[in-house]
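Right, one structure below, let's go through it.
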Amino acid sequence: MSAWIVRPAHGEDLDGLQRMARESLVGVTSLQDDRASLERRIERSACSFGSAVAFPGEEEYLFVLEDLASGALLGCAGLQASCGFAQPFYSFRHEVFIHASPAQGIKHKVHALALCHDLGGNTLLKGFHIAASLQDDPAAQLISRARLLFIASQPQRFAAQLVAEMVGCTDEQGQSPFWDAVGRHFFGLDYSAAEALGAFQERTYLAELLPHYPIYVPLLPEQAQDVMGQVHPRACRPYEILLAEGFAGERYIDVYDAGPTLEAETARVRSVADSQRTTLRIDAAGATDDAPAWLVCNEGCASFRALIVNSNWLPERPLTLSAAEADALQLNEGDTLRLVRL
Amino acid sequence: MIIRPVRHADLPSLLALAKSAGSGLTTLPADGKRLAHRVSWAEKTFAGEVERADADYLFVLVDDDEQVVGITGLAGAVGLREPWYNYRVGMTLSASPTLGIYRPIPTLFLVNDLCGLSEVCSLFLRADQRIGSHGKLLSRSRFLFLAEFPQLFSERIIAEMRGVSDEDGKSPFWEGLGRHFFKMPFADADYLTGVGNKAFIAELMPRFPLYVPLLAASAQSVIGQVHAATRPALRLLQNEGFAHRSYVDIFDGGAVIECEARQIRAVRDSQTLVLAIGTPAEPSVEYLIYNRQLAGCRITSAPAHIAAGSLVVSELTARRLRLRAGDPVRAVALSPARAATEENN
């Protein structure tokens with residue numbers, strides 16, 4: 001049995017979440033080192049998990065990764081059922097304009113970035129954080145993919161398309177070359193100050209400040225062009241996990257730091273498409289550690305739990321778990337659960 | 001020195017002049033065929049055979065030996081046959097009252113606003129002749145012509161001033177902007193427009209407005225500026241009432257200056273007089289003097305004074321103008337009173 005569990009965040013997680021917010025990269029806008037805003041996020045999440053929902057709306061779900069032995073929080077990840085539901089969700093879309101002069105025998109492709117809210121209405125994966133010590137551990141997959149299992153179990157709560165914004169590149173001083181070349185001129189603020197706005201303000205200022213005409217990429221400084229669509233080195237892990245899930249990010253970038261925005265069709269995401277339901281069997285003699293690892297979750301909402309187990313499970317058979325594992329999942333013999341290969 | 005319409009016979013010395021001008025003078029490319037074409041259009045223009053859209057009043061400055069040392073032009077209208085492009089330097093406001101952010105962002109808008117306006121253009125004076133009042137004669141003689149025939153021109157007159165370029169002829173504005181869209185050297189693009197190939201501008205230029213702060217600093221800094229060599233010409237026109245409002249050249253970012261035709265000092269202050277031959281009073285005042293003819297246009301600058309509706313000039317001046325006492329003339333002081341001292345220094 002794994003040492004960690006994923007569950008919905010609750011009020012007592014505030015200290016742990018604030019510590020993670022402090023450790024997280026600038027650019028994880030949804031995770032601000034601000035007690036009041038984190039408190040609001042926990043409340044909103046609890047409320048979302050607790051409501052009966054027929055279609056995606058303003059719900060936001062916040063999951064935490066807990067060390068089962070110590071109870072310490074080691075990571076978190078969020079879902080916004082419908083981004084752009086209450087506030088517009090902006091992206092820069094890559095555009096290619098063809099500039100051709102037949103008489104001169106010239107045909108140029110001109111790359112531009114156009115402000116859009118094409119991605120509004122999709123479900124947004126956000127606020128991913130994992131303790132540095134667990135970066136390369138299966139725990140990173142657990143916290144990132146448990147959300148996807150939750151989506152698989154509760155499809156009516158989520159949109160048909162998923163998007164995820166990856167943190168873009170910043171330098172050692174935390175400055176973003178893309179922000180310095182674009183956003184700074186319109187906001188008059190440095191990158192971290194601009195990122196911080198997102199957590200505290202109504203986002204109408206985005207409509208007021210973001211450039212409405214397309215930005216011609218060849219006119220931007222090289223450093224800014226170089227980071228377009230690039231992921232911050234420290235954010236590579238969540239990026240790789242989502243790529244493996246079938247996400248792709250060629251069309252949109254973040255308006256602040258130019259990090260790629262990944263997209264996937266919900267039904268085709270690996271954890272959704274490949275996960276299966278089965279029933280639980282409890283047996284004191286659990287599987288050996290060399291058996292294949294699985295991500296397992298219950299199909300509850302407010303009682304949602306996910307963890308990693310080792311099992312020689314075969315399709316259409318019940319899944320055998322130890323009593324401790326069943327207990328961690330808050331499941332009894334015969335209950336349904338969902339699982340996918342790690 | 002005399003200003004008169006260009007003639008076919010001037011072609012060899014015109015070509016030599018164009019070659020000495022180098023790139024940047026888009027209206028006078030050093031191309032024999034193109035120049036010949038232009039001269040024939042100018043001859044037709046002075047003969048009254050073309051519409052305003054095609055009118056090209058091209059004058060030459062010749063010495064007493066009929067050697068061409070400078071040119072100066074007036075286009076009836078720009079952009080009536082093919083689009084004429086400029087950037088208008090406008091403003092986009094990036095403002096959020098709730099956040100207390102208020103940022104005016106200068107923005108370049110590609111426009112055809114100036115289509116249909118008459119343009120003073122093609123001014124060039126051979127380097128060794130940039131002395132005395134030659135430059136003023138070359139620049140301002142056009143306004144006497146304009147004052148005489150306002151119906152041939154628009155009510156607002158523009159002048160495109162050559163923008164900043166470095167010793168190698170590289171334009172920072174072009175390097176920061178046009179180069180990315182044309183992917184050819186400035187001189188090539190400049191040449192193509194000079195020889196009348198303007199359609200490619202529309203085909204290749206960015207169509208959406210451009211935020212100035214996103215351009216390279218070197219490109220930003222020359223927007224609306226003029227080449228050092230053009231500053232004297234700019235000052236001459238400014239003293240006539242021309243001012244830079246909001247238009248710049250799309251290639252080199254040079255200022256486009258403008259003035260209402262009837263507000264141009266040399267238009268507004270010029271008088272119609274009859275010629276008298278005598279000895280101009282001392283201290284002498286330099287006048288621009290024009291014989292009021294269209295095809296037979298002759299303009300010079302010379303000391304003169306006005307007495308009882310007559311303009312008194314020396315016999316040599318009358319001979320240069322090919323006028324006799326009693327002939328009608330239009331005249332204005334060569335320099336505005338307040339600028340005379342400054343311009344003569």
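Residue numbers start at 1 in each chain; chains themselves are named A, B, ... in the order of the structure tokens; ligands are numbered from 1 in the order shown.
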Contacts from chain B to chain A, 10 Å maximum, only C-alpha atoms: show me the residue list as number ranges by chain. B: 92-99, 101-105, 175-183, 192, 197, 199-216
Could those residues be written to a file, using N, CA and C atoms, as a CSV table (one decimal), in the first residue's frame?
chain,number,residue,atom,x,y,z
B,92,THR,N,-3.6,53.9,-28.0
B,92,THR,CA,-4.4,52.9,-27.4
B,92,THR,C,-4.3,53.0,-25.9
B,93,LEU,N,-5.4,53.0,-25.2
B,93,LEU,CA,-5.3,53.2,-23.8
B,93,LEU,C,-5.5,51.8,-23.1
B,94,SER,N,-4.5,51.6,-22.2
B,94,SER,CA,-4.6,50.4,-21.4
B,94,SER,C,-4.8,50.9,-20.0
B,95,ALA,N,-6.1,50.8,-19.6
B,95,ALA,CA,-6.4,51.5,-18.3
B,95,ALA,C,-7.4,50.6,-17.5
B,96,SER,N,-7.1,50.5,-16.3
B,96,SER,CA,-8.0,49.8,-15.4
B,96,SER,C,-8.3,50.7,-14.2
B,97,PRO,N,-9.4,51.4,-14.1
B,97,PRO,CA,-9.7,52.3,-13.0
B,97,PRO,C,-9.6,51.6,-11.6
B,98,THR,N,-10.1,50.3,-11.6
B,98,THR,CA,-10.1,49.6,-10.3
B,98,THR,C,-8.6,49.4,-9.8
B,99,LEU,N,-7.7,49.2,-10.7
B,99,LEU,CA,-6.3,48.9,-10.3
B,99,LEU,C,-5.5,50.2,-10.3
B,101,ILE,N,-4.5,51.7,-12.9
B,101,ILE,CA,-3.5,51.6,-14.0
B,101,ILE,C,-4.0,52.4,-15.2
B,102,TYR,N,-3.1,53.3,-15.7
B,102,TYR,CA,-3.5,54.1,-16.8
B,102,TYR,C,-2.3,54.3,-17.7
B,103,ARG,N,-2.3,53.5,-18.8
B,103,ARG,CA,-1.1,53.5,-19.7
B,103,ARG,C,-1.5,53.8,-21.1
B,104,PRO,N,-1.2,55.0,-21.6
B,104,PRO,CA,-1.4,55.3,-23.0
B,104,PRO,C,-0.3,54.6,-23.8
B,105,ILE,N,-0.7,53.8,-24.8
B,105,ILE,CA,0.2,53.0,-25.6
B,105,ILE,C,0.2,53.6,-27.0
B,175,GLU,N,14.7,48.4,-39.8
B,175,GLU,CA,15.3,47.2,-39.2
B,175,GLU,C,14.4,46.6,-38.1
B,176,GLY,N,13.7,47.5,-37.4
B,176,GLY,CA,12.8,47.1,-36.3
B,176,GLY,C,11.4,46.6,-36.8
B,177,LEU,N,11.1,47.0,-38.0
B,177,LEU,CA,9.7,46.8,-38.4
B,177,LEU,C,9.6,46.1,-39.8
B,178,GLY,N,9.8,47.0,-40.8
B,178,GLY,CA,9.5,46.5,-42.2
B,178,GLY,C,10.3,45.3,-42.6
B,179,ARG,N,11.5,45.2,-42.2
B,179,ARG,CA,12.4,44.1,-42.6
B,179,ARG,C,11.8,42.8,-42.3
B,180,HIS,N,11.0,42.7,-41.1
B,180,HIS,CA,10.5,41.4,-40.7
B,180,HIS,C,9.3,41.0,-41.7
B,181,PHE,N,8.8,41.9,-42.4
B,181,PHE,CA,7.6,41.6,-43.3
B,181,PHE,C,8.0,41.6,-44.7
B,182,PHE,N,9.0,42.3,-45.1
B,182,PHE,CA,9.4,42.4,-46.5
B,182,PHE,C,10.6,41.4,-46.8
B,183,LYS,N,11.4,41.2,-45.8
B,183,LYS,CA,12.5,40.3,-45.9
B,183,LYS,C,13.4,40.7,-47.1
B,192,LEU,N,11.6,49.8,-55.0
B,192,LEU,CA,10.4,49.3,-55.6
B,192,LEU,C,9.2,50.4,-55.5
B,197,ASN,N,6.0,50.8,-57.7
B,197,ASN,CA,5.5,49.4,-57.4
B,197,ASN,C,4.9,49.4,-56.0
B,199,ALA,N,1.8,48.3,-54.9
B,199,ALA,CA,0.8,47.2,-54.5
B,199,ALA,C,1.5,46.3,-53.4
B,200,PHE,N,2.7,46.0,-53.6
B,200,PHE,CA,3.4,45.0,-52.7
B,200,PHE,C,3.4,45.5,-51.2
B,201,ILE,N,3.2,46.8,-51.0
B,201,ILE,CA,3.2,47.3,-49.7
B,201,ILE,C,2.0,46.7,-49.0
B,202,ALA,N,0.8,46.9,-49.6
B,202,ALA,CA,-0.4,46.4,-49.1
B,202,ALA,C,-0.3,44.9,-48.9
B,203,GLU,N,0.4,44.2,-49.8
B,203,GLU,CA,0.4,42.8,-49.7
B,203,GLU,C,1.3,42.2,-48.6
B,204,LEU,N,2.3,43.0,-48.3
B,204,LEU,CA,3.3,42.5,-47.3
B,204,LEU,C,3.2,43.2,-45.9
B,205,MET,N,2.7,44.4,-45.8
B,205,MET,CA,2.8,45.1,-44.5
B,205,MET,C,1.8,44.4,-43.5
B,206,PRO,N,2.2,44.6,-42.3
B,206,PRO,CA,1.2,44.1,-41.2
B,206,PRO,C,-0.1,44.9,-41.3
B,207,ARG,N,-1.2,44.2,-41.2
B,207,ARG,CA,-2.5,44.9,-41.4
B,207,ARG,C,-3.1,45.3,-40.1
B,208,PHE,N,-2.6,44.8,-39.0
B,208,PHE,CA,-3.2,45.2,-37.7
B,208,PHE,C,-2.3,46.3,-37.1
B,209,PRO,N,-2.9,47.1,-36.3
B,209,PRO,CA,-2.1,48.2,-35.7
B,209,PRO,C,-0.9,47.6,-34.9
B,210,LEU,N,0.1,48.4,-34.7
B,210,LEU,CA,1.3,47.9,-34.0
B,210,LEU,C,1.6,48.8,-32.8
B,211,TYR,N,1.7,48.1,-31.7
B,211,TYR,CA,2.0,48.8,-30.4
B,211,TYR,C,3.4,49.3,-30.4
B,212,VAL,N,3.6,50.5,-30.3
B,212,VAL,CA,5.0,51.1,-30.4
B,212,VAL,C,5.9,50.5,-29.3
B,213,PRO,N,5.5,50.4,-28.0
B,213,PRO,CA,6.4,49.9,-27.0
B,213,PRO,C,6.9,48.5,-27.3
B,214,LEU,N,6.3,47.7,-28.2
B,214,LEU,CA,6.7,46.4,-28.5
B,214,LEU,C,7.8,46.4,-29.6
B,215,LEU,N,8.1,47.6,-30.2
B,215,LEU,CA,9.2,47.6,-31.2
B,215,LEU,C,10.5,47.8,-30.5
B,216,ALA,N,11.6,47.5,-31.3
B,216,ALA,CA,12.9,47.7,-30.7
B,216,ALA,C,13.1,49.2,-30.4
Taking the DSSP assignment computed from this structure's backbone, write out as a VMD selection string all residues of stretch 4-131 of chain A that belong to alpha helix (DSSP H). chain A and resid 14 to 23 35 to 50
Closest to A:Thr320 among A:Asn298, A:Gln161, A:Thr279, A:Gln156, using only C-alpha atoms?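 Selected residue with least distance to A:Thr320: A:Thr279.
Among A:Val53, A:Leu243, A:Ala131, A:Val96, the residue with the shortest atom-to-atom distance to A:Ala264, counting only C-alpha atoms, is A:Leu243.
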Using Å and a single decimal, report how far atom CA of A:Leu295 sits from atom CA of A:Leu342.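 Distance between the two atoms: 5.6 Å.
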Write out as a list in words each polymer residue whose atoms come within 8 Å of B:Leu137, counting only C-alpha atoms; drop sequence neighbours fewer than 6 positions from it.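 Selected residues are Ile3, Leu288, Thr300, Ser301 and Leu334 of chain B.
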Picked from stretch 69-137 of chain B by DSSP as strand (DSSP E), as a ChimeraX atom specification: /B:69-75,86-96,101-111,118-125
Taking N, CA and C atoms for each residue, export the selection above as a CSV table (one decimal), in the first residue's frame.
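What follows is the written file selection.csv:
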chain,number,residue,atom,x,y,z
B,69,VAL,N,21.1,72.0,-61.1
B,69,VAL,CA,21.8,71.8,-59.9
B,69,VAL,C,20.9,71.4,-58.8
B,70,GLY,N,19.6,71.4,-59.1
B,70,GLY,CA,18.6,71.0,-58.0
B,70,GLY,C,17.3,70.7,-58.7
B,71,ILE,N,16.4,69.9,-57.9
B,71,ILE,CA,15.1,69.7,-58.4
B,71,ILE,C,14.1,70.0,-57.2
B,72,THR,N,12.9,70.2,-57.6
B,72,THR,CA,11.9,70.4,-56.6
B,72,THR,C,10.5,70.1,-57.3
B,73,GLY,N,9.6,69.5,-56.5
B,73,GLY,CA,8.4,69.0,-57.1
B,73,GLY,C,7.1,69.3,-56.3
B,74,LEU,N,6.0,69.2,-57.1
B,74,LEU,CA,4.7,69.3,-56.5
B,74,LEU,C,3.9,68.3,-57.1
B,75,ALA,N,3.4,67.3,-56.3
B,75,ALA,CA,2.5,66.3,-56.9
B,75,ALA,C,1.0,66.8,-56.8
B,86,ASN,N,0.5,55.4,-45.0
B,86,ASN,CA,1.2,56.0,-43.9
B,86,ASN,C,0.9,55.3,-42.6
B,87,TYR,N,1.7,55.5,-41.6
B,87,TYR,CA,1.3,55.2,-40.3
B,87,TYR,C,0.8,56.4,-39.6
B,88,ARG,N,-0.4,56.3,-39.0
B,88,ARG,CA,-0.8,57.3,-38.1
B,88,ARG,C,-0.4,56.9,-36.7
B,89,VAL,N,0.3,57.8,-36.0
B,89,VAL,CA,0.7,57.5,-34.7
B,89,VAL,C,-0.4,57.8,-33.8
B,90,GLY,N,-1.2,56.8,-33.4
B,90,GLY,CA,-2.4,57.1,-32.6
B,90,GLY,C,-2.1,56.5,-31.2
B,91,MET,N,-3.2,56.4,-30.4
B,91,MET,CA,-3.1,56.0,-29.0
B,91,MET,C,-4.0,54.9,-28.7
B,92,THR,N,-3.6,53.9,-28.0
B,92,THR,CA,-4.4,52.9,-27.4
B,92,THR,C,-4.3,53.0,-25.9
B,93,LEU,N,-5.4,53.0,-25.2
B,93,LEU,CA,-5.3,53.2,-23.8
B,93,LEU,C,-5.5,51.8,-23.1
B,94,SER,N,-4.5,51.6,-22.2
B,94,SER,CA,-4.6,50.4,-21.4
B,94,SER,C,-4.8,50.9,-20.0
B,95,ALA,N,-6.1,50.8,-19.6
B,95,ALA,CA,-6.4,51.5,-18.3
B,95,ALA,C,-7.4,50.6,-17.5
B,96,SER,N,-7.1,50.5,-16.3
B,96,SER,CA,-8.0,49.8,-15.4
B,96,SER,C,-8.3,50.7,-14.2
B,101,ILE,N,-4.5,51.7,-12.9
B,101,ILE,CA,-3.5,51.6,-14.0
B,101,ILE,C,-4.0,52.4,-15.2
B,102,TYR,N,-3.1,53.3,-15.7
B,102,TYR,CA,-3.5,54.1,-16.8
B,102,TYR,C,-2.3,54.3,-17.7
B,103,ARG,N,-2.3,53.5,-18.8
B,103,ARG,CA,-1.1,53.5,-19.7
B,103,ARG,C,-1.5,53.8,-21.1
B,104,PRO,N,-1.2,55.0,-21.6
B,104,PRO,CA,-1.4,55.3,-23.0
B,104,PRO,C,-0.3,54.6,-23.8
B,105,ILE,N,-0.7,53.8,-24.8
B,105,ILE,CA,0.2,53.0,-25.6
B,105,ILE,C,0.2,53.6,-27.0
B,106,PRO,N,1.3,54.4,-27.4
B,106,PRO,CA,1.3,54.8,-28.8
B,106,PRO,C,1.2,53.6,-29.7
B,107,THR,N,0.4,53.8,-30.7
B,107,THR,CA,0.1,52.7,-31.6
B,107,THR,C,0.2,53.2,-33.1
B,108,LEU,N,0.8,52.3,-33.9
B,108,LEU,CA,0.9,52.7,-35.4
B,108,LEU,C,-0.3,52.1,-36.1
B,109,PHE,N,-1.1,52.9,-36.8
B,109,PHE,CA,-2.2,52.4,-37.6
B,109,PHE,C,-1.8,52.7,-39.1
B,110,LEU,N,-1.9,51.6,-39.8
B,110,LEU,CA,-1.7,51.7,-41.3
B,110,LEU,C,-2.9,52.3,-41.9
B,111,VAL,N,-2.7,53.5,-42.5
B,111,VAL,CA,-3.9,54.2,-43.0
B,111,VAL,C,-3.6,54.7,-44.5
B,118,SER,N,-2.2,67.0,-52.1
B,118,SER,CA,-1.0,67.4,-52.9
B,118,SER,C,0.2,67.3,-52.0
B,119,GLU,N,1.3,67.0,-52.7
B,119,GLU,CA,2.5,66.8,-51.9
B,119,GLU,C,3.7,67.7,-52.4
B,120,VAL,N,4.4,68.3,-51.6
B,120,VAL,CA,5.7,68.9,-52.0
B,120,VAL,C,6.7,67.8,-51.9
B,121,CYS,N,7.5,67.6,-52.9
B,121,CYS,CA,8.3,66.4,-52.9
B,121,CYS,C,9.6,66.6,-53.8
B,122,SER,N,10.4,65.6,-53.8
B,122,SER,CA,11.5,65.5,-54.7
B,122,SER,C,12.5,66.6,-54.6
B,123,LEU,N,12.6,67.2,-53.4
B,123,LEU,CA,13.6,68.3,-53.3
B,123,LEU,C,15.0,67.8,-53.2
B,124,PHE,N,15.8,68.2,-54.1
B,124,PHE,CA,17.2,67.8,-54.0
B,124,PHE,C,18.1,68.9,-54.5
B,125,LEU,N,19.2,69.3,-53.8
B,125,LEU,CA,20.1,70.3,-54.2
B,125,LEU,C,21.5,69.7,-54.2
For A:Tyr256, which of A:Gly121, A:Pro315, A:Gly168, A:Gly334 is the closest residue, counting only C-alpha atoms?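 That would be A:Gly168, the residue with the smallest distance to A:Tyr256.
For A:Asp67, the non-local neighbours within 10 Å, defined as residues at least 4 positions apart in the same chain or in other chains and counting only C-alpha atoms, are Ser2, Ala3, Trp4, Ile5, Val6, Gly71, Ala72, Leu73, Leu74, Gly75 and Ala139 of chain A.
Using only C-alpha atoms, the contacts of stretch 155-167 of chain B at a cut-off of 6 Å, with sequence neighbours closer than 3 positions omitted, comprise Ser118, Glu119, Val120, Lys170, Ser171, Val226, His227, Asp252, Gly253, Gly254, Ala255, Val256, Ile257, Glu258, Cys259, Glu260 and Ala261 of chain B.
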Would you mind exporting the chosen residues as a PDB file, in the first residue's frame, restricted to C-alpha atoms?
ATOM      1  CA  SER B 118      -1.027  67.378 -52.915  1.00  0.00           C
ATOM      2  CA  GLU B 119       2.528  66.818 -51.879  1.00  0.00           C
ATOM      3  CA  VAL B 120       5.656  68.898 -52.009  1.00  0.00           C
ATOM      4  CA  LYS B 170      20.402  51.480 -42.584  1.00  0.00           C
ATOM      5  CA  SER B 171      17.129  52.732 -41.182  1.00  0.00           C
ATOM      6  CA  VAL B 226      13.975  63.275 -39.755  1.00  0.00           C
ATOM      7  CA  HIS B 227      17.404  62.536 -41.195  1.00  0.00           C
ATOM      8  CA  ASP B 252      11.738  54.830 -42.366  1.00  0.00           C
ATOM      9  CA  GLY B 253       9.341  56.371 -39.819  1.00  0.00           C
ATOM     10  CA  GLY B 254      10.170  59.870 -41.058  1.00  0.00           C
ATOM     11  CA  ALA B 255       7.744  62.669 -40.230  1.00  0.00           C
ATOM     12  CA  VAL B 256       5.000  63.658 -42.652  1.00  0.00           C
ATOM     13  CA  ILE B 257       4.377  67.352 -42.162  1.00  0.00           C
ATOM     14  CA  GLU B 258       1.310  69.207 -43.333  1.00  0.00           C
ATOM     15  CA  CYS B 259      -0.251  72.646 -43.723  1.00  0.00           C
ATOM     16  CA  GLU B 260      -3.432  74.177 -45.111  1.00  0.00           C
ATOM     17  CA  ALA B 261      -2.453  75.520 -48.547  1.00  0.00           C
TER      18      ALA B 261
END
Which one is closest to A:Ser271: A:Phe55, A:Phe128, A:Tyr191, A:Trp294? Count only C-alpha atoms.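 Counting only C-alpha atoms, the residue closest to A:Ser271 is A:Trp294.
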Spatial neighbours of B:Ala302, max dist 9 Å, only C-alpha atoms, sep filter under 2 positions, as a PDB file with C-alpha atoms, in the first residue's frame:
ATOM      1  CA  VAL B 285      15.332  92.458 -49.064  1.00  0.00           C
ATOM      2  CA  GLU B 286      15.504  89.158 -50.898  1.00  0.00           C
ATOM      3  CA  TYR B 287      12.249  88.340 -52.698  1.00  0.00           C
ATOM      4  CA  LEU B 288      10.922  85.272 -54.424  1.00  0.00           C
ATOM      5  CA  ILE B 289       9.729  86.513 -57.791  1.00  0.00           C
ATOM      6  CA  THR B 300      14.027  83.397 -58.989  1.00  0.00           C
ATOM      7  CA  ALA B 304      13.785  93.871 -54.600  1.00  0.00           C
ATOM      8  CA  VAL B 313      14.178  94.687 -59.417  1.00  0.00           C
ATOM      9  CA  SER B 314      17.513  95.029 -61.159  1.00  0.00           C
ATOM     10  CA  THR B 317      16.857  89.912 -62.442  1.00  0.00           C
ATOM     11  CA  LEU B 334      12.119  84.905 -49.451  1.00  0.00           C
TER      12      LEU B 334
END
Skipping near chain neighbours, those fewer than 3 positions away, what residues fall within 7 Å of stretch 323-325 of chain A using only C-alpha atoms, listed as a PyMOL selection string? chain A and resi 1+282-284+328-329
